[in-house]
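upload39.cif (mmCIF, N, CA and C atoms) appears below.
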data_my_file
#
loop_
_atom_site.group_PDB
_atom_site.id
_atom_site.type_symbol
_atom_site.label_atom_id
_atom_site.label_comp_id
_atom_site.auth_asym_id
_atom_site.auth_seq_id
_atom_site.Cartn_x
_atom_site.Cartn_y
_atom_site.Cartn_z
ATOM 1 N N MET A 1 57.609 92.827 140.643
ATOM 2 C CA MET A 1 58.464 92.909 139.496
ATOM 3 C C MET A 1 59.934 92.678 139.867
ATOM 4 N N GLU A 2 60.284 93.150 141.033
ATOM 5 C CA GLU A 2 61.669 92.970 141.487
ATOM 6 C C GLU A 2 61.989 91.491 141.689
ATOM 7 N N PHE A 3 61.005 90.711 142.103
ATOM 8 C CA PHE A 3 61.182 89.288 142.296
ATOM 9 C C PHE A 3 61.567 88.596 140.984
ATOM 10 N N ILE A 4 60.940 88.970 139.900
ATOM 11 C CA ILE A 4 61.229 88.367 138.601
ATOM 12 C C ILE A 4 62.647 88.729 138.154
ATOM 13 N N ALA A 5 63.067 89.960 138.376
ATOM 14 C CA ALA A 5 64.413 90.393 138.005
ATOM 15 C C ALA A 5 65.453 89.637 138.830
ATOM 16 N N ASP A 6 65.187 89.478 140.127
ATOM 17 C CA ASP A 6 66.116 88.724 140.975
ATOM 18 C C ASP A 6 66.189 87.255 140.547
ATOM 19 N N PHE A 7 65.040 86.693 140.154
ATOM 20 C CA PHE A 7 64.996 85.306 139.719
ATOM 21 C C PHE A 7 65.864 85.106 138.472
ATOM 22 N N PHE A 8 65.690 85.975 137.469
ATOM 23 C CA PHE A 8 66.476 85.837 136.250
ATOM 24 C C PHE A 8 67.957 86.163 136.474
ATOM 25 N N THR A 9 68.252 87.050 137.392
ATOM 26 C CA THR A 9 69.640 87.347 137.741
ATOM 27 C C THR A 9 70.290 86.127 138.392
ATOM 28 N N ALA A 10 69.543 85.451 139.256
ATOM 29 C CA ALA A 10 70.062 84.248 139.908
ATOM 30 C C ALA A 10 70.298 83.139 138.883
ATOM 31 N N ILE A 11 69.352 82.966 137.968
ATOM 32 C CA ILE A 11 69.522 81.947 136.932
ATOM 33 C C ILE A 11 70.714 82.291 136.048
ATOM 34 N N TRP A 12 70.855 83.548 135.677
ATOM 35 C CA TRP A 12 71.994 83.972 134.848
ATOM 36 C C TRP A 12 73.320 83.743 135.585
ATOM 37 N N GLY A 13 73.343 84.042 136.857
ATOM 38 C CA GLY A 13 74.542 83.804 137.664
ATOM 39 C C GLY A 13 74.878 82.324 137.736
ATOM 40 N N PHE A 14 73.826 81.466 137.823
ATOM 41 C CA PHE A 14 74.042 80.020 137.837
ATOM 42 C C PHE A 14 74.681 79.565 136.523
ATOM 43 N N PHE A 15 74.149 80.021 135.405
ATOM 44 C CA PHE A 15 74.706 79.626 134.113
ATOM 45 C C PHE A 15 76.112 80.174 133.895
ATOM 46 N N GLU A 16 76.402 81.336 134.446
ATOM 47 C CA GLU A 16 77.758 81.885 134.327
ATOM 48 C C GLU A 16 78.765 81.111 135.175
ATOM 49 N N SER A 17 78.314 80.475 136.248
ATOM 50 C CA SER A 17 79.222 79.744 137.130
ATOM 51 C C SER A 17 79.513 78.324 136.634
ATOM 52 N N ILE A 18 78.770 77.833 135.650
ATOM 53 C CA ILE A 18 78.967 76.473 135.147
ATOM 54 C C ILE A 18 80.377 76.269 134.572
ATOM 55 N N PRO A 19 80.930 77.158 133.730
ATOM 56 C CA PRO A 19 82.297 76.916 133.226
ATOM 57 C C PRO A 19 83.358 76.840 134.331
ATOM 58 N N ALA A 20 83.243 77.693 135.349
ATOM 59 C CA ALA A 20 84.204 77.640 136.456
ATOM 60 C C ALA A 20 84.065 76.327 137.218
ATOM 61 N N PHE A 21 82.817 75.863 137.385
ATOM 62 C CA PHE A 21 82.576 74.592 138.060
ATOM 63 C C PHE A 21 83.192 73.435 137.267
ATOM 64 N N LEU A 22 83.005 73.431 135.957
ATOM 65 C CA LEU A 22 83.587 72.385 135.122
ATOM 66 C C LEU A 22 85.116 72.435 135.154
ATOM 67 N N ASP A 23 85.676 73.643 135.164
ATOM 68 C CA ASP A 23 87.129 73.773 135.280
ATOM 69 C C ASP A 23 87.637 73.173 136.586
ATOM 70 N N ASP A 24 86.940 73.468 137.678
ATOM 71 C CA ASP A 24 87.337 72.915 138.976
ATOM 72 C C ASP A 24 87.271 71.387 138.979
ATOM 73 N N ILE A 25 86.226 70.832 138.392
ATOM 74 C CA ILE A 25 86.091 69.377 138.343
ATOM 75 C C ILE A 25 87.214 68.774 137.508
ATOM 76 N N LEU A 26 87.515 69.372 136.351
ATOM 77 C CA LEU A 26 88.577 68.838 135.499
ATOM 78 C C LEU A 26 89.945 68.942 136.168
ATOM 79 N N VAL A 27 90.171 70.012 136.923
ATOM 80 C CA VAL A 27 91.440 70.149 137.647
ATOM 81 C C VAL A 27 91.561 69.056 138.702
ATOM 82 N N LYS A 28 90.487 68.805 139.446
ATOM 83 C CA LYS A 28 90.518 67.758 140.478
ATOM 84 C C LYS A 28 90.729 66.375 139.852
ATOM 85 N N LEU A 29 90.004 66.078 138.776
ATOM 86 C CA LEU A 29 90.164 64.789 138.109
ATOM 87 C C LEU A 29 91.567 64.622 137.546
ATOM 88 N N SER A 30 92.114 65.669 136.973
ATOM 89 C CA SER A 30 93.474 65.608 136.434
ATOM 90 C C SER A 30 94.488 65.392 137.543
ATOM 91 N N ALA A 31 94.302 66.062 138.667
ATOM 92 C CA ALA A 31 95.217 65.894 139.802
ATOM 93 C C ALA A 31 95.157 64.459 140.319
ATOM 94 N N TRP A 32 93.949 63.906 140.444
ATOM 95 C CA TRP A 32 93.822 62.512 140.897
ATOM 96 C C TRP A 32 94.483 61.570 139.911
ATOM 97 N N TYR A 33 94.340 61.823 138.610
ATOM 98 C CA TYR A 33 94.948 60.979 137.595
ATOM 99 C C TYR A 33 96.484 61.037 137.675
ATOM 100 N N VAL A 34 97.021 62.233 137.827
ATOM 101 C CA VAL A 34 98.480 62.393 137.912
ATOM 102 C C VAL A 34 99.019 61.680 139.156
ATOM 103 N N ILE A 35 98.334 61.806 140.274
ATOM 104 C CA ILE A 35 98.760 61.134 141.506
ATOM 105 C C ILE A 35 98.694 59.624 141.326
ATOM 106 N N TRP A 36 97.632 59.122 140.692
ATOM 107 C CA TRP A 36 97.491 57.692 140.461
ATOM 108 C C TRP A 36 98.608 57.166 139.556
ATOM 109 N N VAL A 37 98.901 57.886 138.482
ATOM 110 C CA VAL A 37 99.963 57.454 137.565
ATOM 111 C C VAL A 37 101.317 57.471 138.269
ATOM 112 N N THR A 38 101.563 58.485 139.098
ATOM 113 C CA THR A 38 102.826 58.565 139.838
ATOM 114 C C THR A 38 102.966 57.387 140.799
ATOM 115 N N LYS A 39 101.902 57.065 141.518
ATOM 116 C CA LYS A 39 101.951 55.923 142.435
ATOM 117 C C LYS A 39 102.146 54.616 141.667
ATOM 118 N N ALA A 40 101.516 54.496 140.511
ATOM 119 C CA ALA A 40 101.682 53.289 139.697
ATOM 120 C C ALA A 40 103.121 53.159 139.209
ATOM 121 N N LYS A 41 103.732 54.273 138.822
ATOM 122 C CA LYS A 41 105.125 54.228 138.367
ATOM 123 C C LYS A 41 106.065 53.858 139.503
ATOM 124 N N ILE A 42 105.803 54.379 140.699
ATOM 125 C CA ILE A 42 106.640 54.036 141.856
ATOM 126 C C ILE A 42 106.520 52.542 142.158
ATOM 127 N N TYR A 43 105.311 52.014 142.108
ATOM 128 C CA TYR A 43 105.124 50.574 142.321
ATOM 129 C C TYR A 43 105.831 49.780 141.224
ATOM 130 N N PHE A 44 105.744 50.258 139.992
ATOM 131 C CA PHE A 44 106.347 49.561 138.859
ATOM 132 C C PHE A 44 107.868 49.522 138.975
ATOM 133 N N VAL A 45 108.475 50.584 139.492
ATOM 134 C CA VAL A 45 109.927 50.579 139.691
ATOM 135 C C VAL A 45 110.311 49.518 140.725
ATOM 136 N N GLY A 46 109.555 49.432 141.808
ATOM 137 C CA GLY A 46 109.831 48.404 142.812
ATOM 138 C C GLY A 46 109.663 47.002 142.252
ATOM 139 N N PHE A 47 108.625 46.807 141.456
ATOM 140 C CA PHE A 47 108.393 45.513 140.836
ATOM 141 C C PHE A 47 109.527 45.165 139.868
ATOM 142 N N SER A 48 109.951 46.139 139.075
ATOM 143 C CA SER A 48 111.047 45.918 138.130
ATOM 144 C C SER A 48 112.340 45.586 138.859
ATOM 145 N N TRP A 49 112.555 46.220 139.999
ATOM 146 C CA TRP A 49 113.750 45.932 140.794
ATOM 147 C C TRP A 49 113.741 44.484 141.273
ATOM 148 N N GLN A 50 112.583 43.998 141.714
ATOM 149 C CA GLN A 50 112.491 42.611 142.154
ATOM 150 C C GLN A 50 112.735 41.646 140.993
ATOM 151 N N VAL A 51 112.197 41.972 139.824
ATOM 152 C CA VAL A 51 112.427 41.125 138.651
ATOM 153 C C VAL A 51 113.908 41.136 138.282
ATOM 154 N N ALA A 52 114.539 42.313 138.334
ATOM 155 C CA ALA A 52 115.965 42.421 138.001
ATOM 156 C C ALA A 52 116.810 41.598 138.970
ATOM 157 N N GLN A 53 116.465 41.623 140.245
ATOM 158 C CA GLN A 53 117.200 40.811 141.214
ATOM 159 C C GLN A 53 117.053 39.322 140.896
ATOM 160 N N GLU A 54 115.864 38.916 140.509
ATOM 161 C CA GLU A 54 115.651 37.505 140.172
ATOM 162 C C GLU A 54 116.437 37.127 138.920
ATOM 163 N N VAL A 55 116.504 38.022 137.945
ATOM 164 C CA VAL A 55 117.298 37.755 136.745
ATOM 165 C C VAL A 55 118.775 37.615 137.116
ATOM 166 N N LEU A 56 119.264 38.499 137.977
ATOM 167 C CA LEU A 56 120.656 38.397 138.428
ATOM 168 C C LEU A 56 120.915 37.061 139.116
ATOM 169 N N ASN A 57 119.976 36.637 139.933
ATOM 170 C CA ASN A 57 120.148 35.359 140.635
ATOM 171 C C ASN A 57 120.101 34.181 139.662
ATOM 172 N N GLN A 58 119.197 34.225 138.698
ATOM 173 C CA GLN A 58 119.056 33.122 137.750
ATOM 174 C C GLN A 58 120.274 33.000 136.838
ATOM 175 N N LEU A 59 120.835 34.139 136.422
ATOM 176 C CA LEU A 59 121.986 34.115 135.518
ATOM 177 C C LEU A 59 123.312 33.946 136.254
ATOM 178 N N ASN A 60 123.280 34.014 137.587
ATOM 179 C CA ASN A 60 124.469 33.877 138.428
ATOM 180 C C ASN A 60 125.555 34.880 138.018
ATOM 181 N N ILE A 61 125.139 36.091 137.759
ATOM 182 C CA ILE A 61 126.090 37.136 137.377
ATOM 183 C C ILE A 61 126.994 37.491 138.550
ATOM 184 N N SER A 62 126.448 37.510 139.750
ATOM 185 C CA SER A 62 127.260 37.842 140.928
ATOM 186 C C SER A 62 128.363 36.812 141.141
ATOM 187 N N GLY A 63 128.048 35.536 140.946
ATOM 188 C CA GLY A 63 129.066 34.499 141.100
ATOM 189 C C GLY A 63 130.184 34.638 140.077
ATOM 190 N N THR A 64 129.813 34.979 138.850
ATOM 191 C CA THR A 64 130.821 35.177 137.803
ATOM 192 C C THR A 64 131.702 36.371 138.109
ATOM 193 N N ILE A 65 131.085 37.448 138.565
ATOM 194 C CA ILE A 65 131.862 38.645 138.920
ATOM 195 C C ILE A 65 132.809 38.332 140.077
ATOM 196 N N ASN A 66 132.318 37.626 141.087
ATOM 197 C CA ASN A 66 133.175 37.267 142.229
ATOM 198 C C ASN A 66 134.320 36.350 141.794
ATOM 199 N N GLN A 67 134.055 35.462 140.870
ATOM 200 C CA GLN A 67 135.096 34.567 140.379
ATOM 201 C C GLN A 67 136.211 35.352 139.700
ATOM 202 N N TYR A 68 135.849 36.261 138.808
ATOM 203 C CA TYR A 68 136.868 37.056 138.119
ATOM 204 C C TYR A 68 137.497 38.086 139.062
ATOM 205 N N TRP A 69 136.737 38.556 140.032
ATOM 206 C CA TRP A 69 137.264 39.529 140.983
ATOM 207 C C TRP A 69 138.357 38.890 141.838
ATOM 208 N N GLY A 70 138.227 37.611 142.114
ATOM 209 C CA GLY A 70 139.220 36.915 142.932
ATOM 210 C C GLY A 70 140.542 36.702 142.221
ATOM 211 N N THR A 71 140.577 36.825 140.917
ATOM 212 C CA THR A 71 141.829 36.625 140.175
ATOM 213 C C THR A 71 142.665 37.900 140.087
ATOM 214 N N ILE A 72 142.150 39.008 140.587
ATOM 215 C CA ILE A 72 142.886 40.282 140.522
ATOM 216 C C ILE A 72 143.982 40.289 141.583
ATOM 217 N N ASP A 73 145.098 40.923 141.258
ATOM 218 C CA ASP A 73 146.236 41.052 142.176
ATOM 219 C C ASP A 73 145.788 41.731 143.467
ATOM 220 N N SER A 74 146.389 41.346 144.588
ATOM 221 C CA SER A 74 145.962 41.859 145.895
ATOM 222 C C SER A 74 146.197 43.352 146.046
ATOM 223 N N LYS A 75 147.290 43.886 145.468
ATOM 224 C CA LYS A 75 147.538 45.334 145.568
ATOM 225 C C LYS A 75 146.489 46.116 144.779
ATOM 226 N N VAL A 76 146.212 45.644 143.589
ATOM 227 C CA VAL A 76 145.184 46.299 142.771
ATOM 228 C C VAL A 76 143.823 46.164 143.451
ATOM 229 N N MET A 77 143.578 44.994 144.012
ATOM 230 C CA MET A 77 142.316 44.762 144.720
ATOM 231 C C MET A 77 142.166 45.718 145.897
ATOM 232 N N GLY A 78 143.246 45.971 146.618
ATOM 233 C CA GLY A 78 143.193 46.911 147.745
ATOM 234 C C GLY A 78 142.854 48.318 147.303
ATOM 235 N N VAL A 79 143.455 48.760 146.209
ATOM 236 C CA VAL A 79 143.173 50.108 145.704
ATOM 237 C C VAL A 79 141.726 50.203 145.218
ATOM 238 N N LEU A 80 141.274 49.195 144.463
ATOM 239 C CA LEU A 80 139.900 49.210 143.950
ATOM 240 C C LEU A 80 138.882 49.160 145.087
ATOM 241 N N THR A 81 139.185 48.392 146.104
ATOM 242 C CA THR A 81 138.285 48.312 147.251
ATOM 243 C C THR A 81 138.287 49.622 148.040
ATOM 244 N N PHE A 82 139.452 50.262 148.143
ATOM 245 C CA PHE A 82 139.536 51.543 148.838
ATOM 246 C C PHE A 82 138.656 52.590 148.156
ATOM 247 N N PHE A 83 138.658 52.600 146.833
ATOM 248 C CA PHE A 83 137.839 53.564 146.091
ATOM 249 C C PHE A 83 136.412 53.070 145.851
ATOM 250 N N ARG A 84 136.070 51.946 146.478
ATOM 251 C CA ARG A 84 134.726 51.373 146.425
ATOM 252 C C ARG A 84 134.246 51.090 144.996
ATOM 253 N N VAL A 85 135.144 50.643 144.169
ATOM 254 C CA VAL A 85 134.802 50.294 142.784
ATOM 255 C C VAL A 85 133.812 49.129 142.732
ATOM 256 N N PRO A 86 133.948 48.094 143.574
ATOM 257 C CA PRO A 86 132.958 47.005 143.509
ATOM 258 C C PRO A 86 131.534 47.475 143.805
ATOM 259 N N ASP A 87 131.403 48.371 144.792
ATOM 260 C CA ASP A 87 130.075 48.893 145.115
ATOM 261 C C ASP A 87 129.506 49.698 143.952
ATOM 262 N N ALA A 88 130.354 50.514 143.334
ATOM 263 C CA ALA A 88 129.910 51.321 142.198
ATOM 264 C C ALA A 88 129.484 50.430 141.034
ATOM 265 N N LEU A 89 130.263 49.389 140.753
ATOM 266 C CA LEU A 89 129.904 48.473 139.668
ATOM 267 C C LEU A 89 128.604 47.738 139.968
ATOM 268 N N ASN A 90 128.401 47.378 141.214
ATOM 269 C CA ASN A 90 127.160 46.715 141.615
ATOM 270 C C ASN A 90 125.959 47.630 141.392
ATOM 271 N N ILE A 91 126.076 48.883 141.797
ATOM 272 C CA ILE A 91 124.982 49.834 141.615
ATOM 273 C C ILE A 91 124.690 50.047 140.133
ATOM 274 N N ILE A 92 125.741 50.202 139.333
ATOM 275 C CA ILE A 92 125.566 50.425 137.895
ATOM 276 C C ILE A 92 124.920 49.208 137.237
ATOM 277 N N LEU A 93 125.373 48.016 137.587
ATOM 278 C CA LEU A 93 124.809 46.794 137.016
ATOM 279 C C LEU A 93 123.330 46.658 137.369
ATOM 280 N N ASN A 94 123.001 46.874 138.633
ATOM 281 C CA ASN A 94 121.598 46.770 139.067
ATOM 282 C C ASN A 94 120.727 47.819 138.402
ATOM 283 N N ALA A 95 121.245 49.032 138.268
ATOM 284 C CA ALA A 95 120.461 50.104 137.638
ATOM 285 C C ALA A 95 120.202 49.810 136.167
ATOM 286 N N HIS A 96 121.216 49.349 135.461
ATOM 287 C CA HIS A 96 121.021 49.042 134.044
ATOM 288 C C HIS A 96 120.059 47.871 133.846
ATOM 289 N N LEU A 97 120.179 46.867 134.684
ATOM 290 C CA LEU A 97 119.286 45.724 134.552
ATOM 291 C C LEU A 97 117.846 46.114 134.891
ATOM 292 N N THR A 98 117.661 46.935 135.908
ATOM 293 C CA THR A 98 116.325 47.410 136.251
ATOM 294 C C THR A 98 115.742 48.239 135.114
ATOM 295 N N ARG A 99 116.553 49.091 134.528
ATOM 296 C CA ARG A 99 116.092 49.893 133.391
ATOM 297 C C ARG A 99 115.717 48.998 132.208
ATOM 298 N N TYR A 100 116.505 47.967 131.969
ATOM 299 C CA TYR A 100 116.191 47.019 130.892
ATOM 300 C C TYR A 100 114.857 46.335 131.144
ATOM 301 N N VAL A 101 114.633 45.885 132.374
ATOM 302 C CA VAL A 101 113.390 45.215 132.715
ATOM 303 C C VAL A 101 112.208 46.171 132.534
ATOM 304 N N MET A 102 112.373 47.410 132.935
ATOM 305 C CA MET A 102 111.301 48.391 132.756
ATOM 306 C C MET A 102 111.012 48.609 131.277
ATOM 307 N N GLY A 103 112.049 48.600 130.441
ATOM 308 C CA GLY A 103 111.846 48.749 129.009
ATOM 309 C C GLY A 103 111.141 47.563 128.395
ATOM 310 N N VAL A 104 111.380 46.369 128.925
ATOM 311 C CA VAL A 104 110.712 45.168 128.418
ATOM 312 C C VAL A 104 109.220 45.211 128.747
ATOM 313 N N PHE A 105 108.876 45.695 129.925
ATOM 314 C CA PHE A 105 107.471 45.734 130.346
ATOM 315 C C PHE A 105 106.674 46.853 129.691
ATOM 316 N N LYS A 106 107.336 47.822 129.094
ATOM 317 C CA LYS A 106 106.616 48.960 128.512
ATOM 318 C C LYS A 106 105.746 48.563 127.404
#
As structure tokens, the full file:
Amino acid sequence: MEFIADFFTAIWGFFESIPAFLDDILVKLSAWYVIWVTKAKIYFVGFSWQVAQEVLNQLNISGTINQYWGTIDSKVMGVLTFFRVPDALNIILNAHLTRYVMGVFK
């Protein structure tokens, strides 16, 4: 008789463990999905950056900026270069163009 009670207790324990098992599986699947989406977004940012660089090259924006930059007075140019304004403008331009490209691909 004890064997039958142990058998039904084991079966009951198995059925009680099913929700925890399903929770564990869903947590693992969700974690894999989040990691996959994060890696895809990181790849997409790199891809968008390459597209943005190609757009800059095709539109010759750097050449236009250099042309107008050369017309600035030398004293003003020295101050702007000291404060690294050209580098800051380059970073801002690249960031905005990359963001635009990412918005186009969405």
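For the pair CA of Ile18 (chain A) and CA of Tyr33 (chain A), the interatomic distance is 22.4 Å.
Note that the spacing between atom C of Leu97 (chain A) and CA of Ala52 (chain A) amounts to 5.2 Å.
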At a cut-off of 8 Å, using all atoms listed in the file, what residues contact region 79-95 of chain A? Leave out same-chain residues fewer than 5 positions from it and give the result as a ChimeraX atom specification. /A:49,52-53,73-74,100-101
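Taking CA of Ile42 (chain A) and atom N of Arg99 (chain A) as the two end points, the separation is 13.3 Å.
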Once 3 Å is added on each side, what are the centre and the three edge lengths, in Å to one decimal, of the axis-aligned box enclosing the listed atoms of region 22-40 of chain A? Present them as AutoDock Vina command-line options.
--center_x 93.1 --center_y 63.5 --center_z 138.8 --size_x 26.1 --size_y 26.6 --size_z 13.3
